[in-house]
>>> print(open('coords.txt').read())   # compact mmCIF, C-alpha atoms and all ligand atoms
# COMPACT_ATOMS: atom_id res chain seq x y z
CA MET A 1 9.72 25.21 -3.92
CA LEU A 2 10.12 25.77 -0.16
CA SER A 3 12.78 28.23 0.81
CA LEU A 4 13.92 29.19 4.31
CA ARG A 5 16.13 32.17 5.01
CA ASP A 6 17.78 32.94 8.35
CA LEU A 7 14.94 31.28 10.19
CA SER A 8 15.10 31.30 13.99
CA THR A 9 12.58 29.96 16.51
CA SER A 10 12.84 30.08 20.28
CA TYR A 11 10.97 28.79 23.29
CA GLY A 12 11.60 31.72 25.61
CA PRO A 13 15.34 31.61 26.24
CA VAL A 14 15.82 28.29 24.37
CA HIS A 15 17.03 29.00 20.82
CA ALA A 16 15.88 25.77 19.17
CA VAL A 17 16.35 26.84 15.51
CA ARG A 18 19.11 29.32 14.67
CA ASP A 19 19.51 31.17 11.36
CA VAL A 20 18.50 28.21 9.25
CA SER A 21 18.59 28.66 5.46
CA PHE A 22 17.98 26.04 2.79
CA THR A 23 15.77 25.26 -0.17
CA ALA A 24 13.70 22.11 -0.71
CA GLN A 25 13.30 21.51 -4.46
CA GLU A 26 10.04 20.50 -6.10
CA GLY A 27 9.69 16.79 -6.82
CA GLN A 28 12.49 15.87 -4.43
CA ILE A 29 12.93 14.39 -0.99
CA THR A 30 14.89 16.72 1.26
CA ALA A 31 15.99 15.03 4.48
CA VAL A 32 16.46 17.10 7.64
CA LEU A 33 18.79 15.09 9.87
CA GLY A 34 20.27 15.48 13.32
CA ALA A 35 20.31 14.04 16.81
CA ASN A 36 17.50 14.21 19.34
CA GLY A 37 17.08 17.87 20.33
CA ALA A 38 18.76 19.25 17.19
CA GLY A 39 15.69 21.36 16.38
CA LYS A 40 14.07 19.25 13.64
CA THR A 41 10.52 19.21 15.01
CA THR A 42 10.72 22.89 15.92
CA LEU A 43 11.71 23.62 12.32
CA LEU A 44 8.78 21.62 10.90
CA ARG A 45 6.31 23.21 13.28
CA THR A 46 7.58 26.64 12.29
CA ILE A 47 7.10 25.84 8.60
CA SER A 48 3.56 24.59 9.19
CA GLY A 49 2.69 27.72 11.18
CA LEU A 50 2.19 26.02 14.55
CA LEU A 51 5.13 27.98 15.93
CA ARG A 52 6.02 31.54 15.06
CA SER A 53 9.58 32.32 14.03
CA ARG A 54 11.57 34.95 15.86
CA HIS A 55 13.05 36.14 12.59
CA GLY A 56 13.76 35.02 9.05
CA THR A 57 11.46 34.10 6.17
CA ILE A 58 9.70 31.05 4.74
CA GLU A 59 8.64 31.12 1.09
CA LEU A 60 6.51 28.61 -0.77
CA ASP A 61 6.72 29.08 -4.55
CA GLY A 62 8.15 32.53 -3.96
CA ARG A 63 5.36 33.63 -1.65
CA ARG A 64 5.92 34.44 2.03
CA ILE A 65 4.01 32.01 4.27
CA ASP A 66 5.69 32.63 7.62
CA ARG A 67 2.95 34.82 9.05
CA LEU A 68 0.04 32.64 7.97
CA SER A 69 -2.00 30.55 10.40
CA PRO A 70 -1.65 26.75 10.25
CA GLU A 71 -5.23 26.42 8.98
CA ARG A 72 -4.15 28.01 5.71
CA MET A 73 -1.52 25.39 4.92
CA PRO A 74 -3.67 22.62 3.40
CA ALA A 75 -5.05 25.01 0.78
CA LEU A 76 -1.50 26.03 -0.09
CA GLY A 77 -0.60 22.39 -0.63
CA LEU A 78 1.36 21.75 2.56
CA ALA A 79 0.49 18.82 4.83
CA GLN A 80 2.27 17.92 8.05
CA VAL A 81 2.55 14.40 9.42
CA PRO A 82 3.35 15.01 13.08
CA GLU A 83 5.86 13.17 15.22
CA GLY A 84 4.36 10.35 17.25
CA ARG A 85 1.68 9.10 14.81
CA GLY A 86 -1.25 10.98 16.32
CA VAL A 87 -4.23 9.04 15.07
CA ILE A 88 -7.55 9.39 16.87
CA THR A 89 -7.71 5.95 18.43
CA GLU A 90 -11.46 5.95 19.11
CA LEU A 91 -12.28 6.60 15.45
CA THR A 92 -12.15 4.06 12.66
CA VAL A 93 -9.46 4.02 9.99
CA ASP A 94 -11.98 5.41 7.52
CA GLU A 95 -13.02 8.23 9.87
CA ASN A 96 -9.40 9.18 10.53
CA LEU A 97 -8.77 9.42 6.78
CA ARG A 98 -11.89 11.50 6.25
CA LEU A 99 -10.61 14.05 8.78
CA GLY A 100 -7.63 14.58 6.49
CA GLY A 101 -9.98 15.44 3.63
CA LEU A 102 -11.89 17.89 5.79
CA ALA A 103 -8.67 19.85 6.29
CA ARG A 104 -9.10 20.74 2.62
CA GLY A 105 -12.83 21.40 2.87
CA ARG A 106 -14.35 18.11 1.73
CA VAL A 107 -13.76 14.39 1.42
CA ARG A 108 -13.39 13.14 -2.13
CA PRO A 109 -14.23 9.44 -2.58
CA ALA A 110 -11.49 9.18 -5.23
CA ASP A 111 -8.90 10.35 -2.68
CA LEU A 112 -10.04 7.76 -0.16
CA GLN A 113 -9.86 5.10 -2.87
CA ARG A 114 -6.33 6.18 -3.76
CA VAL A 115 -5.12 5.99 -0.14
CA TYR A 116 -6.58 2.49 0.18
CA GLU A 117 -4.79 1.47 -3.02
CA LEU A 118 -1.50 2.84 -1.69
CA PHE A 119 -1.99 1.09 1.69
CA PRO A 120 -3.90 -2.18 1.19
CA ALA A 121 -3.33 -2.97 4.89
CA LEU A 122 -5.55 0.02 5.73
CA ALA A 123 -8.22 -1.00 3.23
CA ASP A 124 -8.54 -4.34 5.00
CA ARG A 125 -9.17 -2.56 8.29
CA ARG A 126 -11.15 0.47 7.24
CA ALA A 127 -13.97 -0.21 9.72
CA ALA A 128 -11.64 -1.03 12.63
CA VAL A 129 -10.95 1.56 15.33
CA ALA A 130 -7.43 2.94 15.01
CA HIS A 131 -6.69 1.75 18.54
CA VAL A 132 -6.13 -1.80 17.24
CA LEU A 133 -3.55 -0.82 14.60
CA SER A 134 0.14 -1.65 14.85
CA GLY A 135 2.76 1.11 14.86
CA GLY A 136 3.45 0.61 11.16
CA GLU A 137 -0.26 0.75 10.30
CA ARG A 138 -0.66 3.91 12.37
CA GLN A 139 2.20 5.50 10.46
CA MET A 140 0.49 4.54 7.19
CA LEU A 141 -2.74 6.02 8.52
CA VAL A 142 -1.23 9.41 9.38
CA ILE A 143 0.51 9.56 5.99
CA GLY A 144 -2.77 8.57 4.31
CA ARG A 145 -4.61 11.21 6.32
CA ALA A 146 -2.17 13.86 5.10
CA LEU A 147 -2.54 12.68 1.49
CA MET A 148 -6.32 13.19 1.76
CA SER A 149 -5.73 16.95 1.57
CA ARG A 150 -3.98 16.47 -1.82
CA PRO A 151 -0.71 18.10 -0.76
CA ARG A 152 2.05 19.15 -3.12
CA MET A 153 4.52 18.97 -0.26
CA LEU A 154 4.50 16.56 2.66
CA LEU A 155 6.27 17.46 5.93
CA LEU A 156 7.10 14.15 7.62
CA ASP A 157 8.35 14.10 11.21
CA GLU A 158 10.29 10.94 12.20
CA PRO A 159 8.09 8.39 10.40
CA SER A 160 10.57 5.58 11.18
CA LEU A 161 10.72 6.08 14.96
CA GLY A 162 10.13 2.83 16.83
CA LEU A 163 9.26 0.78 13.74
CA ALA A 164 10.85 -2.51 12.68
CA PRO A 165 13.40 -2.14 9.83
CA ARG A 166 11.17 -4.10 7.45
CA ILE A 167 8.27 -1.69 8.03
CA VAL A 168 10.58 1.34 7.67
CA THR A 169 11.75 0.02 4.29
CA GLN A 170 8.14 -0.44 3.20
CA ILE A 171 7.03 3.05 4.26
CA PHE A 172 10.12 4.78 2.85
CA GLY A 173 9.68 2.88 -0.42
CA LEU A 174 6.15 4.17 -0.64
CA VAL A 175 7.23 7.75 0.04
CA ARG A 176 9.87 7.48 -2.69
CA SER A 177 7.33 6.13 -5.18
CA LEU A 178 4.90 8.99 -4.42
CA VAL A 179 7.70 11.38 -5.30
CA GLU A 180 8.75 9.53 -8.45
CA ASP A 181 5.31 8.67 -9.77
CA GLU A 182 3.28 11.69 -8.72
CA GLY A 183 5.78 14.50 -8.35
CA LEU A 184 5.13 14.96 -4.64
CA SER A 185 7.76 16.96 -2.74
CA VAL A 186 8.81 15.79 0.72
CA LEU A 187 10.61 17.31 3.67
CA LEU A 188 11.64 14.24 5.66
CA VAL A 189 12.76 14.84 9.25
CA GLU A 190 14.65 11.85 10.61
CA GLN A 191 17.11 10.76 13.29
CA ASN A 192 17.48 7.57 11.23
CA ALA A 193 19.91 9.20 8.81
CA ARG A 194 21.00 6.03 7.05
CA SER A 195 17.46 5.11 5.96
CA ALA A 196 16.50 8.70 5.17
CA LEU A 197 19.55 9.25 2.97
CA SER A 198 18.80 6.04 1.09
CA ILE A 199 15.64 7.64 -0.38
CA ALA A 200 16.47 11.38 -0.19
CA HIS A 201 17.88 13.53 -2.97
CA ARG A 202 19.35 16.08 -0.61
CA GLY A 203 20.12 16.30 3.07
CA ILE A 204 20.38 19.08 5.62
CA VAL A 205 22.12 18.31 8.91
CA LEU A 206 21.15 20.25 12.04
CA ASN A 207 23.17 20.46 15.22
CA LEU A 208 21.97 22.54 18.17
CA GLY A 209 19.57 24.35 15.85
CA ARG A 210 22.14 25.28 13.19
CA VAL A 211 22.75 23.89 9.70
CA VAL A 212 26.12 22.14 9.70
CA ALA A 213 25.81 20.49 6.28
CA ASP A 214 23.66 20.86 3.16
CA ALA A 215 24.53 18.57 0.25
CA ASP A 216 23.37 15.82 -2.08
CA ALA A 217 22.30 12.72 -0.14
CA ASP A 218 25.04 10.49 -1.56
CA VAL A 219 27.71 13.05 -0.65
CA LEU A 220 26.48 13.13 2.96
CA ALA A 221 26.27 9.34 3.14
CA ASP A 222 29.91 9.08 1.97
CA ASP A 223 31.25 11.66 4.41
CA ASP A 224 32.74 9.55 7.23
CA GLN A 225 33.54 12.48 9.49
CA LEU A 226 30.06 13.95 9.22
CA ARG A 227 28.42 10.56 9.70
CA HIS A 228 30.36 9.87 12.86
CA ALA A 229 29.95 13.37 14.29
CA TYR A 230 26.27 14.00 13.58
CA LEU A 231 24.48 11.15 11.85
CA GLY A 232 25.18 8.21 14.13
CA PHE A 233 26.06 5.60 11.50
N1 LIG B 1 7.82 23.11 24.03
C1 LIG B 1 9.10 23.32 24.30
N2 LIG B 1 9.50 24.20 25.27
C2 LIG B 1 10.79 24.44 25.53
N3 LIG B 1 11.81 23.86 24.87
C3 LIG B 1 11.50 23.00 23.90
C4 LIG B 1 10.14 22.67 23.56
N4 LIG B 1 10.16 21.77 22.54
C5 LIG B 1 11.45 21.54 22.27
N5 LIG B 1 12.26 22.26 23.08
C6 LIG B 1 13.73 22.29 23.04
O1 LIG B 1 14.12 22.77 21.77
C7 LIG B 1 15.24 22.03 21.28
C8 LIG B 1 14.89 21.38 19.95
O2 LIG B 1 13.87 20.41 20.15
P1 LIG B 1 13.16 19.67 18.95
O3 LIG B 1 12.82 20.63 17.90
O4 LIG B 1 12.05 18.85 19.51
O5 LIG B 1 14.34 18.72 18.41
P2 LIG B 1 14.29 17.37 17.56
O6 LIG B 1 12.97 17.27 16.90
O7 LIG B 1 15.43 17.52 16.59
O8 LIG B 1 14.53 16.25 18.51
C9 LIG B 1 15.61 21.05 22.38
O9 LIG B 1 16.62 21.65 23.16
C10 LIG B 1 14.34 20.90 23.17
O10 LIG B 1 14.60 20.58 24.50
MG MG B 2 11.56 15.77 16.90
>>> encode(input="coords.txt", output="structure tokens", more="lines below")
Ligand SMILES: Nc1ncnc2c1ncn2[C@@H]1O[C@H](COP(=O)(O)OP(=O)(O)O)[C@@H](O)[C@H]1O
Ligand SMILES: [Mg+2]
Amino acid sequence: MLSLRDLSTSYGPVHAVRDVSFTAQEGQITAVLGANGAGKTTLLRTISGLLRSRHGTIELDGRRIDRLSPERMPALGLAQVPEGRGVITELTVDENLRLGGLARGRVRPADLQRVYELFPALADRRAAVAHVLSGGERQMLVIGRALMSRPRMLLLDEPSLGLAPRIVTQIFGLVRSLVEDEGLSVLLVEQNARSALSIAHRGIVLNLGRVVADADADVLADDDQLRHAYLGF
């Protein structure tokens, strides 16, 4: 579905992503793993058009998207959930979700309803300002906001960062069920390789901007050398 070939992105002299090639299959979770600074966020921001690649190609369903502006992505079915859970804290839960719908042109009441069914904790607090939400609730809110644009593929950047293990399990379980029940495709960027591999179909490991492994998730999880060298578990 999403195919990268020889993709490189730099910040001036810093080569953050180097000749990265891989394919994320439709209806699967593809984990992009690697230590802090490996280039994961740079890769996601290049896919979503926020950064421009130095060279290489990005194709979605066989169509080049690497020279399109980020505003075009929702209509193509791509939605990014940025690192750091950037909700607008002064707005209510409901208003934050509606902004996600606007990315696709309009807010559909059925989409709002669906997000509240997926995240009952948000439904209970729909009139509360996002400022009062816990970290886990904020993560649910940014995922819900992305779902409001009816994506076919979700780009998730470190959803587990700083959350309690119980909350991570809950959020990852929900992501997995969206994939299984609704055919959503997910590119899941994570430092938390153990949790990510527990729900992913495939994993890509980055080190200093390069792909050092690309295999089925269970193969990566069983590779002791790789785990110790790059995955930290
Ligand atoms: N805005 C920036 N300007 C310059 N260098 C950056 C910038 N953002 C990230 N980098 C550098 O690019 C590399 C990859 O960073 P990043 O993509 O954020 O990695 P990750 O998400 O895997 O932690 C790191 O060396 C980082 O210091
Ligand atoms: Mg990052």
>>> residues_near_ligand(input="coords.txt", ligand="ligand LIG 1 (chain B)", cutoff="10 Å", atoms="all atoms listed in the file", output="ChimeraX atom specification")
/A:9-17,32-46,51,83,157-158,189-191,206-209
>>> closest_residue(input="coords.txt", among="A:Val87, A:Ala200, A:Leu133, A:Leu161", to="ligand MG 2 (chain B)", atoms="only C-alpha atoms and all ligand atoms")
A:Leu161
>>> atom_distance(input="coords.txt", atom1="CA of Leu184 (chain A)", atom2="CA of Ala103 (chain A)")
18.3 Å
>>> residues_around(input="coords.txt", residues="region 136-144 of chain A", least_positions_apart="2", cutoff="9 Å", atoms="all atoms listed in the file", output="ChimeraX atom specification")
/A:80-82,84-87,93,96-97,100,112,115-116,118-119,121-122,130-131,133-134,146-148,154,156,159-160,163-164,167-168,171
>>> atom_distance(input="coords.txt", atom1="atom MG of ligand MG 2 (chain B)", atom2="CA of Ser8 (chain A)")
16.2 Å
>>> closest_residue(input="coords.txt", among="A:Arg227, A:Pro120, A:Leu188, A:Ser149", to="ligand MG 2 (chain B)", atoms="only C-alpha atoms and all ligand atoms")
A:Leu188
>>> closest_atom_pairs(input="coords.txt", of="region 132-203 of chain A", to="region 228-231 of chain A", cutoff="9 Å", atoms="all atoms listed in the file", output="JSON lines")
{"residue": "A:Gln191", "atom": "CA", "partner": "A:Leu231", "partner_atom": "CA", "distance": 7.5}
{"residue": "A:Asn192", "atom": "CA", "partner": "A:Leu231", "partner_atom": "CA", "distance": 7.9}
{"residue": "A:Ala193", "atom": "CA", "partner": "A:Leu231", "partner_atom": "CA", "distance": 5.8}
{"residue": "A:Arg194", "atom": "CA", "partner": "A:Leu231", "partner_atom": "CA", "distance": 7.8}
>>> atom_distance(input="coords.txt", atom1="CA of Asp181 (chain A)", atom2="CA of Val107 (chain A)")
22.8 Å
>>> residues_around(input="coords.txt", residues="region 26-31 of chain A", least_positions_apart="5", cutoff="8 Å", atoms="all atoms listed in the file", output="MDAnalysis selection string")
chainID A and resid 1:2 176 179:180 183:190 196:197 199:204
>>> decode(input="coords.txt", residues="region 148-167 of chain A", atoms="N, CA and C atoms", output="CSV table (one decimal), in the first residue's frame")
chain,number,residue,atom,x,y,z
A,148,MET,N,-11.1,10.8,12.7
A,148,MET,CA,-12.2,11.7,12.2
A,148,MET,C,-12.1,12.0,10.7
A,149,SER,N,-10.8,11.9,10.2
A,149,SER,CA,-10.7,12.1,8.7
A,149,SER,C,-10.8,10.8,7.9
A,150,ARG,N,-11.3,9.8,8.6
A,150,ARG,CA,-11.6,8.5,7.9
A,150,ARG,C,-10.4,8.0,7.1
A,151,PRO,N,-9.2,7.8,7.8
A,151,PRO,CA,-8.0,7.4,7.1
A,151,PRO,C,-8.1,5.9,6.7
A,152,ARG,N,-7.3,5.6,5.6
A,152,ARG,CA,-7.1,4.2,5.3
A,152,ARG,C,-5.8,3.7,6.0
A,153,MET,N,-4.9,4.7,6.2
A,153,MET,CA,-3.6,4.4,6.8
A,153,MET,C,-3.3,5.5,7.9
A,154,LEU,N,-3.0,4.9,9.1
A,154,LEU,CA,-2.7,5.8,10.2
A,154,LEU,C,-1.2,5.8,10.4
A,155,LEU,N,-0.6,7.0,10.6
A,155,LEU,CA,0.9,7.1,10.9
A,155,LEU,C,1.0,7.5,12.3
A,156,LEU,N,1.4,6.5,13.2
A,156,LEU,CA,1.4,6.8,14.6
A,156,LEU,C,2.8,7.0,15.1
A,157,ASP,N,3.1,8.1,15.8
A,157,ASP,CA,4.5,8.4,16.3
A,157,ASP,C,4.5,8.2,17.8
A,158,GLU,N,5.2,7.2,18.3
A,158,GLU,CA,5.4,6.9,19.7
A,158,GLU,C,4.2,7.1,20.6
A,159,PRO,N,3.1,6.4,20.2
A,159,PRO,CA,1.9,6.5,21.1
A,159,PRO,C,2.1,6.0,22.5
A,160,SER,N,3.1,5.2,22.8
A,160,SER,CA,3.3,4.6,24.1
A,160,SER,C,4.1,5.5,25.0
A,161,LEU,N,4.8,6.5,24.5
A,161,LEU,CA,5.8,7.2,25.2
A,161,LEU,C,5.2,7.8,26.5
A,162,GLY,N,5.8,7.5,27.7
A,162,GLY,CA,5.4,8.1,28.9
A,162,GLY,C,4.1,7.5,29.5
A,163,LEU,N,3.5,6.5,28.9
A,163,LEU,CA,2.3,6.0,29.5
A,163,LEU,C,2.5,4.7,30.3
A,164,ALA,N,1.6,4.5,31.3
A,164,ALA,CA,1.7,3.3,32.1
A,164,ALA,C,1.4,2.1,31.2
A,165,PRO,N,2.1,1.0,31.6
A,165,PRO,CA,2.0,-0.3,30.8
A,165,PRO,C,0.5,-0.7,30.5
A,166,ARG,N,-0.3,-0.5,31.5
A,166,ARG,CA,-1.7,-0.9,31.4
A,166,ARG,C,-2.4,0.0,30.3
A,167,ILE,N,-2.1,1.2,30.3
A,167,ILE,CA,-2.7,2.1,29.3
A,167,ILE,C,-2.2,1.8,27.9
